[in-house]
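As provided, final-v8.txt (compact mmCIF, C-alpha atoms) reads as follows.
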# COMPACT_ATOMS: atom_id res chain seq x y z
CA MET K 1 -43.74 -17.85 97.90
CA ALA K 2 -43.03 -21.32 96.62
CA THR K 3 -45.55 -22.83 94.29
CA LEU K 4 -46.67 -26.38 94.54
CA GLY K 5 -46.65 -28.72 91.65
CA PRO K 6 -49.45 -31.00 90.59
CA MET K 7 -48.23 -33.72 92.93
CA GLY K 8 -48.01 -31.39 95.94
CA ARG K 9 -44.22 -31.03 95.74
CA HIS K 10 -42.04 -28.12 94.68
CA SER K 11 -41.74 -28.14 90.95
CA GLY K 12 -38.08 -27.20 91.28
CA THR K 13 -38.15 -24.92 88.25
CA ASN K 14 -38.69 -21.74 90.14
CA LEU K 15 -35.93 -22.56 92.65
CA ALA K 16 -33.50 -23.53 89.95
CA ARG K 17 -33.73 -20.12 88.27
CA PRO K 18 -32.27 -18.07 91.13
CA ALA K 19 -29.61 -20.72 91.74
CA ALA K 20 -28.60 -20.68 88.09
CA GLY K 21 -28.63 -16.89 88.18
CA ALA K 22 -26.35 -16.89 91.19
CA VAL K 23 -23.95 -19.28 89.53
CA LEU K 24 -23.93 -17.20 86.36
CA GLY K 25 -23.29 -14.10 88.42
CA VAL K 26 -20.34 -15.71 90.15
CA VAL K 27 -18.98 -16.89 86.80
CA ALA K 28 -19.41 -13.42 85.33
CA LEU K 29 -17.59 -11.90 88.28
CA ALA K 30 -14.81 -14.44 87.95
CA VAL K 31 -14.49 -13.77 84.23
CA GLY K 32 -14.43 -10.04 84.86
CA LYS K 33 -11.79 -10.44 87.52
CA LEU K 34 -9.72 -12.67 85.26
CA GLY K 35 -10.06 -10.14 82.48
CA ARG K 36 -8.82 -7.33 84.71
CA LEU K 37 -6.00 -9.49 86.01
CA SER K 38 -4.96 -10.58 82.55
CA SER K 39 -5.00 -7.03 81.22
CA ARG K 40 -2.79 -6.05 84.12
CA TYR K 41 -0.36 -8.98 84.04
CA LEU K 42 -0.22 -10.15 80.41
CA PRO K 43 1.79 -7.16 79.19
CA ARG K 44 4.17 -7.66 82.09
CA MET K 45 4.51 -11.37 81.29
CA GLU K 46 5.07 -10.55 77.65
CA SER K 47 7.81 -8.05 78.34
CA SER K 48 9.39 -10.42 80.83
CA LEU K 49 9.39 -13.23 78.25
CA LYS K 50 10.90 -10.93 75.66
CA ALA K 51 13.60 -9.86 78.10
CA SER K 52 14.46 -13.48 78.89
CA ARG K 53 14.58 -14.31 75.18
CA ASP K 54 16.99 -11.45 74.63
CA ARG K 55 19.17 -12.60 77.50
CA ILE K 56 19.55 -16.14 76.19
CA ASP K 57 22.34 -16.60 73.69
CA PRO K 58 20.73 -18.61 70.89
CA ILE K 59 23.75 -20.81 70.49
CA ALA K 60 26.46 -21.22 73.07
CA TYR K 61 29.07 -20.61 70.41
CA GLN K 62 32.52 -21.05 71.83
CA PRO K 63 35.87 -20.42 70.24
CA GLY K 64 37.49 -23.12 68.19
CA ALA K 65 40.99 -23.60 66.87
CA SER K 66 42.82 -20.34 66.32
CA ASP K 67 43.01 -20.86 62.56
CA LEU K 68 39.34 -21.81 62.14
CA HIS K 69 37.43 -19.43 59.85
CA SER K 70 40.52 -17.33 59.19
CA LEU K 71 41.72 -18.75 55.84
CA ASN K 72 44.85 -19.82 57.73
CA PHE K 73 44.14 -23.53 58.18
CA THR K 74 47.58 -25.04 58.38
CA LEU K 75 48.51 -28.69 58.38
CA THR K 76 50.30 -28.88 61.71
CA PRO K 77 52.28 -32.07 62.41
CA GLU K 78 49.47 -33.32 64.70
CA ARG K 79 46.84 -32.78 62.02
CA ALA K 80 49.05 -34.19 59.29
CA ALA K 81 49.55 -37.32 61.43
CA ILE K 82 45.78 -37.88 61.59
CA VAL K 83 45.28 -37.32 57.87
CA THR K 84 48.23 -39.56 57.01
CA ARG K 85 46.84 -42.28 59.27
CA HIS K 86 43.54 -42.17 57.39
CA ILE K 87 45.36 -42.31 54.05
CA GLU K 88 47.43 -45.29 55.17
CA GLU K 89 44.35 -47.13 56.47
CA ALA K 90 42.58 -46.54 53.15
CA LYS K 91 45.57 -47.83 51.23
CA LYS K 92 45.72 -50.95 53.43
CA ARG K 93 42.00 -51.61 52.94
CA ALA K 94 42.41 -51.21 49.19
CA SER K 95 45.33 -53.61 49.00
CA ALA K 96 43.75 -56.22 51.29
CA MET X 1 24.33 -22.94 37.49
CA LEU X 2 27.89 -22.26 36.45
CA ILE X 3 31.02 -23.32 38.34
CA ARG X 4 34.28 -21.58 37.52
CA ASN X 5 37.57 -20.57 39.09
CA LEU X 6 37.59 -17.27 40.94
CA GLY X 7 40.31 -14.80 40.08
CA PRO X 8 41.30 -11.16 40.54
CA ALA X 9 38.42 -10.11 38.27
CA ASP X 10 36.02 -11.38 40.94
CA ASN X 11 37.43 -9.23 43.76
CA MET X 12 34.40 -6.97 43.89
CA LEU X 13 32.09 -9.98 44.19
CA LEU X 14 34.19 -11.38 47.04
CA GLU X 15 34.38 -8.08 48.89
CA ALA X 16 30.59 -7.82 48.80
CA PHE X 17 29.88 -11.49 49.47
CA GLU X 18 27.28 -11.94 52.20
CA CYS X 19 26.87 -15.28 53.93
CA ARG X 20 25.81 -14.31 57.46
CA VAL X 21 23.00 -16.39 58.87
CA TYR X 22 20.85 -15.61 61.91
CA ARG X 23 21.72 -17.85 64.87
CA GLN X 24 24.88 -19.16 63.18
CA PRO X 25 27.56 -16.98 64.76
CA TRP X 26 30.44 -18.58 62.88
CA THR X 27 29.04 -17.23 59.60
CA ASP X 28 30.05 -13.73 60.75
CA GLU X 29 33.67 -14.87 60.94
CA VAL X 30 33.50 -16.66 57.59
CA GLN X 31 32.00 -13.61 55.91
CA ALA X 32 34.65 -11.30 57.35
CA ALA X 33 37.44 -13.67 56.31
CA ILE X 34 36.09 -13.92 52.76
CA ARG X 35 35.60 -10.19 52.36
CA GLU X 36 38.83 -9.08 53.97
CA GLY X 37 41.27 -11.87 53.21
CA LEU X 38 40.21 -13.86 50.18
CA PRO X 39 40.52 -11.31 47.33
CA GLU X 40 44.12 -10.51 48.22
CA ARG X 41 45.14 -14.16 48.60
CA VAL X 42 43.40 -15.27 45.44
CA GLN X 43 45.17 -12.47 43.60
CA ALA X 44 48.51 -13.54 45.08
CA GLY X 45 47.83 -17.15 44.10
CA ALA X 46 48.13 -18.29 47.73
CA ILE X 47 44.60 -19.67 47.71
CA GLN X 48 42.58 -21.19 44.93
CA ALA X 49 38.84 -20.72 44.80
CA LEU X 50 35.83 -21.91 42.88
CA GLY X 51 32.55 -20.05 42.62
CA LEU X 52 29.07 -21.26 41.83
CA PHE X 53 27.13 -18.64 39.89
CA ASP X 54 23.55 -18.11 38.84
CA GLU X 55 24.00 -18.02 35.09
CA GLN X 56 21.07 -15.69 34.52
CA THR X 57 21.87 -13.03 37.10
CA GLY X 58 25.64 -13.54 37.35
CA ARG X 59 25.27 -13.65 41.13
CA LEU X 60 27.91 -15.52 43.16
CA LEU X 61 25.84 -18.05 45.13
CA SER X 62 28.52 -20.13 46.80
CA LEU X 63 32.27 -20.44 46.96
CA ILE X 64 34.96 -22.82 48.11
CA ALA X 65 38.57 -21.86 48.74
CA TRP X 66 41.50 -24.17 49.37
CA THR X 67 45.25 -24.46 49.59
CA VAL X 68 47.56 -27.28 48.60
CA PRO X 69 50.02 -27.74 51.47
CA ASN X 70 51.41 -30.79 49.71
CA GLN X 71 50.51 -32.84 46.67
CA GLU X 72 48.74 -35.54 48.68
CA ILE X 73 46.64 -33.35 50.96
CA TRP X 74 44.48 -30.36 50.09
CA ALA X 75 43.16 -28.07 52.82
CA VAL X 76 39.77 -26.39 52.47
CA GLN X 77 39.96 -22.85 53.83
CA ALA X 78 36.36 -21.78 53.35
CA LEU X 79 33.08 -23.08 52.00
CA ALA X 80 30.21 -20.61 52.11
CA THR X 81 26.84 -20.03 50.52
CA ALA X 82 25.25 -16.62 50.03
CA THR X 83 22.61 -15.56 52.53
CA GLY X 84 19.19 -16.58 51.26
CA PHE X 85 20.49 -19.40 49.10
CA HIS X 86 21.09 -22.07 51.73
CA GLY X 87 19.50 -25.50 51.67
CA ARG X 88 19.91 -25.89 47.91
CA GLN X 89 22.99 -28.11 48.01
CA HIS X 90 25.22 -25.40 46.54
CA GLY X 91 27.89 -26.09 49.17
CA ALA X 92 27.78 -29.83 48.56
CA THR X 93 27.95 -29.26 44.80
CA LEU X 94 31.09 -27.16 45.16
CA LYS X 95 32.68 -29.62 47.57
CA GLY X 96 31.96 -32.42 45.10
CA GLU X 97 33.55 -30.40 42.31
CA LEU X 98 36.64 -29.75 44.43
CA LEU X 99 36.93 -33.45 45.25
CA LYS X 100 36.73 -34.33 41.55
CA ARG X 101 39.56 -31.94 40.81
CA ALA X 102 41.60 -33.18 43.75
CA TRP X 103 41.26 -36.84 42.83
CA ALA X 104 42.16 -36.04 39.22
CA GLN X 105 45.44 -34.50 40.40
CA ASP X 106 46.68 -37.40 42.51
CA CYS X 107 45.57 -35.89 45.79
CA TYR X 108 44.81 -38.51 48.47
CA ALA X 109 42.92 -36.48 51.03
CA VAL X 110 40.91 -33.29 51.26
CA THR X 111 40.72 -31.99 54.78
CA SER X 112 38.94 -29.12 56.52
CA LEU X 113 38.27 -27.64 59.94
CA VAL X 114 34.65 -27.39 61.06
CA HIS X 115 33.22 -26.03 64.31
CA ARG X 116 31.26 -28.73 66.13
CA ASP X 117 28.10 -26.53 66.12
CA ASN X 118 28.19 -26.24 62.34
CA GLU X 119 25.84 -29.12 61.60
CA ALA X 120 25.30 -28.23 57.95
CA MET X 121 29.00 -28.42 57.18
CA LEU X 122 29.45 -31.62 59.15
CA ALA X 123 26.55 -33.11 57.17
CA ILE X 124 28.25 -32.22 53.89
CA ASN X 125 31.42 -33.93 55.08
CA LYS X 126 29.52 -37.02 56.21
CA ARG X 127 27.86 -37.17 52.81
CA PHE X 128 31.33 -37.62 51.30
CA GLN X 129 32.25 -40.27 53.93
CA ALA X 130 34.64 -37.98 55.78
CA HIS X 131 36.58 -39.19 58.80
CA ILE X 132 35.65 -36.72 61.51
CA GLU X 133 37.67 -36.33 64.70
CA LEU X 134 38.56 -33.68 67.20
CA ASP X 135 41.23 -31.30 66.01
CA PRO X 136 44.25 -32.12 68.21
CA THR X 137 45.44 -28.50 68.21
CA ASP X 138 42.21 -26.95 69.50
CA PRO X 139 42.52 -26.30 73.25
CA TYR X 140 38.75 -25.73 73.49
CA ARG X 141 37.91 -29.08 71.85
CA ASN X 142 35.30 -27.41 69.64
CA THR X 143 36.85 -27.94 66.24
CA MET X 144 36.54 -31.07 64.15
CA LEU X 145 39.09 -32.17 61.59
CA CYS X 146 37.18 -33.60 58.63
CA THR X 147 39.17 -35.69 56.19
CA ILE X 148 37.80 -37.11 52.97
CA ILE X 149 39.92 -39.86 51.50
CA ARG X 150 40.08 -40.51 47.78
CA PRO X 151 37.99 -43.53 46.85
CA GLU X 152 40.02 -46.34 45.39
CA ARG X 153 40.23 -46.10 41.64
CA PRO X 154 39.11 -49.15 39.72
CA SER X 155 42.23 -50.95 38.56
CA SER X 156 42.73 -50.80 34.84
CA PRO X 157 42.75 -54.10 32.91
CA GLY X 158 46.12 -55.74 32.62
CA LYS X 159 47.44 -54.23 35.86
Written as structure tokens, that's how I'd like the structure from this file.
Amino acid sequence: MATLGPMGRHSGTNLARPAAGAVLGVVALAVGKLGRLSSRYLPRMESSLKASRDRIDPIAYQPGASDLHSLNFTLTPERAAIVTRHIEEAKKRASA
Amino acid sequence: MLIRNLGPADNMLLEAFECRVYRQPWTDEVQAAIREGLPERVQAGAIQALGLFDEQTGRLLSLIAWTVPNQEIWAVQALATATGFHGRQHGATLKGELLKRAWAQDCYAVTSLVHRDNEAMLAINKRFQAHIELDPTDPYRNTMLCTIIRPERPSSPGK
């Protein structure tokens, strides 16, 4: 039975308690549910993340010139032309 | 640190040299090339090499190997630093030493091939003002030709 306050109205305090209790109960249920869900799904998510990490090649390393990293770097005519051009440009700059 | 020429006496060090780095796939190839190809070629005199050593432990920390296709142009075949000793400028130190030797012997350009993913090696080349362009012979367009030109020597008085 509701109690009346000194001014003849509901004090509110006694009604607030069950409401707060209900809210806390709902929150506790939600937390419990989340906990159960997380314990069920987190390991799955973790293993799925690990699997995707393993699938991804860290660097999309593609082949380069055939004589790269083989101790067989040869000065082909095309390469020599580039190097010679740089040498000539440097000589021109120096003499200018 | 001690820098000296590598010779046949260093074969065991070269065969055991480890320079593989996680997430840098090209270091596998470099390590294999050094272990399997360098000792024989250094011994035959086909390739010259310099090593940077820890004076206290005698450990080979970094190495650079090169050939001299002609007097004006030297070609770097490998520059590698031992696993666990990266980020200490050992590679740049050796490259600088090679450049000093090249310039002293009337070489005009020191050139090398670098994979475009190899940022550390490209940075070393940029540090020495290298001209960097795509290697014209690479069908995959992944290799850069890095060329460092000899800085102009100060003209001697009276010339």
I'd like to know which of X:Thr83, X:Gln71, X:Gln43, X:Thr143 is closest to chain K, using all atoms listed in the file.
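When distances to chain K are compared using all atoms listed in the file, the smallest one comes from X:Thr143.
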How far is it from atom CA of Gly21 of chain K to atom CA of Tyr41 of chain K, in Å with one decimal?
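Those two atoms sit 29.6 Å apart.
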Could you give me, as JSON lines, every chain K residue with an atom at most 8 Å from chain X, plus its closest atom pair and distance in Å to one decimal, counting only C-alpha atoms, rows ordered by chain then number?
{"residue": "K:Pro58", "atom": "CA", "partner": "X:Arg23", "partner_atom": "CA", "distance": 6.1}
{"residue": "K:Ile59", "atom": "CA", "partner": "X:Arg23", "partner_atom": "CA", "distance": 6.7}
{"residue": "K:Tyr61", "atom": "CA", "partner": "X:Pro25", "partner_atom": "CA", "distance": 6.9}
{"residue": "K:Gln62", "atom": "CA", "partner": "X:Asn142", "partner_atom": "CA", "distance": 7.3}
{"residue": "K:Pro63", "atom": "CA", "partner": "X:Tyr140", "partner_atom": "CA", "distance": 6.9}
{"residue": "K:Gly64", "atom": "CA", "partner": "X:Asn142", "partner_atom": "CA", "distance": 5.0}
{"residue": "K:Ala65", "atom": "CA", "partner": "X:Asp138", "partner_atom": "CA", "distance": 4.4}
{"residue": "K:Ser66", "atom": "CA", "partner": "X:Asp138", "partner_atom": "CA", "distance": 7.4}
{"residue": "K:Leu68", "atom": "CA", "partner": "X:Leu113", "partner_atom": "CA", "distance": 6.3}
{"residue": "K:His69", "atom": "CA", "partner": "X:Val30", "partner_atom": "CA", "distance": 5.3}
{"residue": "K:Ser70", "atom": "CA", "partner": "X:Ala33", "partner_atom": "CA", "distance": 5.6}
{"residue": "K:Leu71", "atom": "CA", "partner": "X:Gln77", "partner_atom": "CA", "distance": 4.9}
{"residue": "K:Asn72", "atom": "CA", "partner": "X:Gln77", "partner_atom": "CA", "distance": 7.0}
{"residue": "K:Phe73", "atom": "CA", "partner": "X:Gln77", "partner_atom": "CA", "distance": 6.1}
{"residue": "K:Thr74", "atom": "CA", "partner": "X:Ala75", "partner_atom": "CA", "distance": 7.7}
{"residue": "K:Leu75", "atom": "CA", "partner": "X:Pro69", "partner_atom": "CA", "distance": 7.1}
{"residue": "K:Glu78", "atom": "CA", "partner": "X:Pro136", "partner_atom": "CA", "distance": 6.4}
{"residue": "K:Arg79", "atom": "CA", "partner": "X:Pro136", "partner_atom": "CA", "distance": 6.7}
{"residue": "K:Val83", "atom": "CA", "partner": "X:Thr147", "partner_atom": "CA", "distance": 6.5}
{"residue": "K:His86", "atom": "CA", "partner": "X:Ile149", "partner_atom": "CA", "distance": 7.3}
{"residue": "K:Ile87", "atom": "CA", "partner": "X:Ile149", "partner_atom": "CA", "distance": 6.5}
{"residue": "K:Ala90", "atom": "CA", "partner": "X:Ile149", "partner_atom": "CA", "distance": 7.4}
{"residue": "K:Ala94", "atom": "CA", "partner": "X:Glu152", "partner_atom": "CA", "distance": 6.6}
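Between atom CA of Ile64 of chain X and atom CA of Leu14 of chain X the separation is 11.5 Å.
Across the model, the gap from atom CA of Glu119 of chain X to atom CA of Thr93 of chain X is 16.9 Å.
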Where is the centre and how long are the edges: axis-aligned box on segment 4-8 of chain X, 4 Å on each side, Å to one decimal, as AutoDock Vina command-line options:
--center_x 37.8 --center_y -16.4 --center_z 39.2 --size_x 15.0 --size_y 18.4 --size_z 11.4
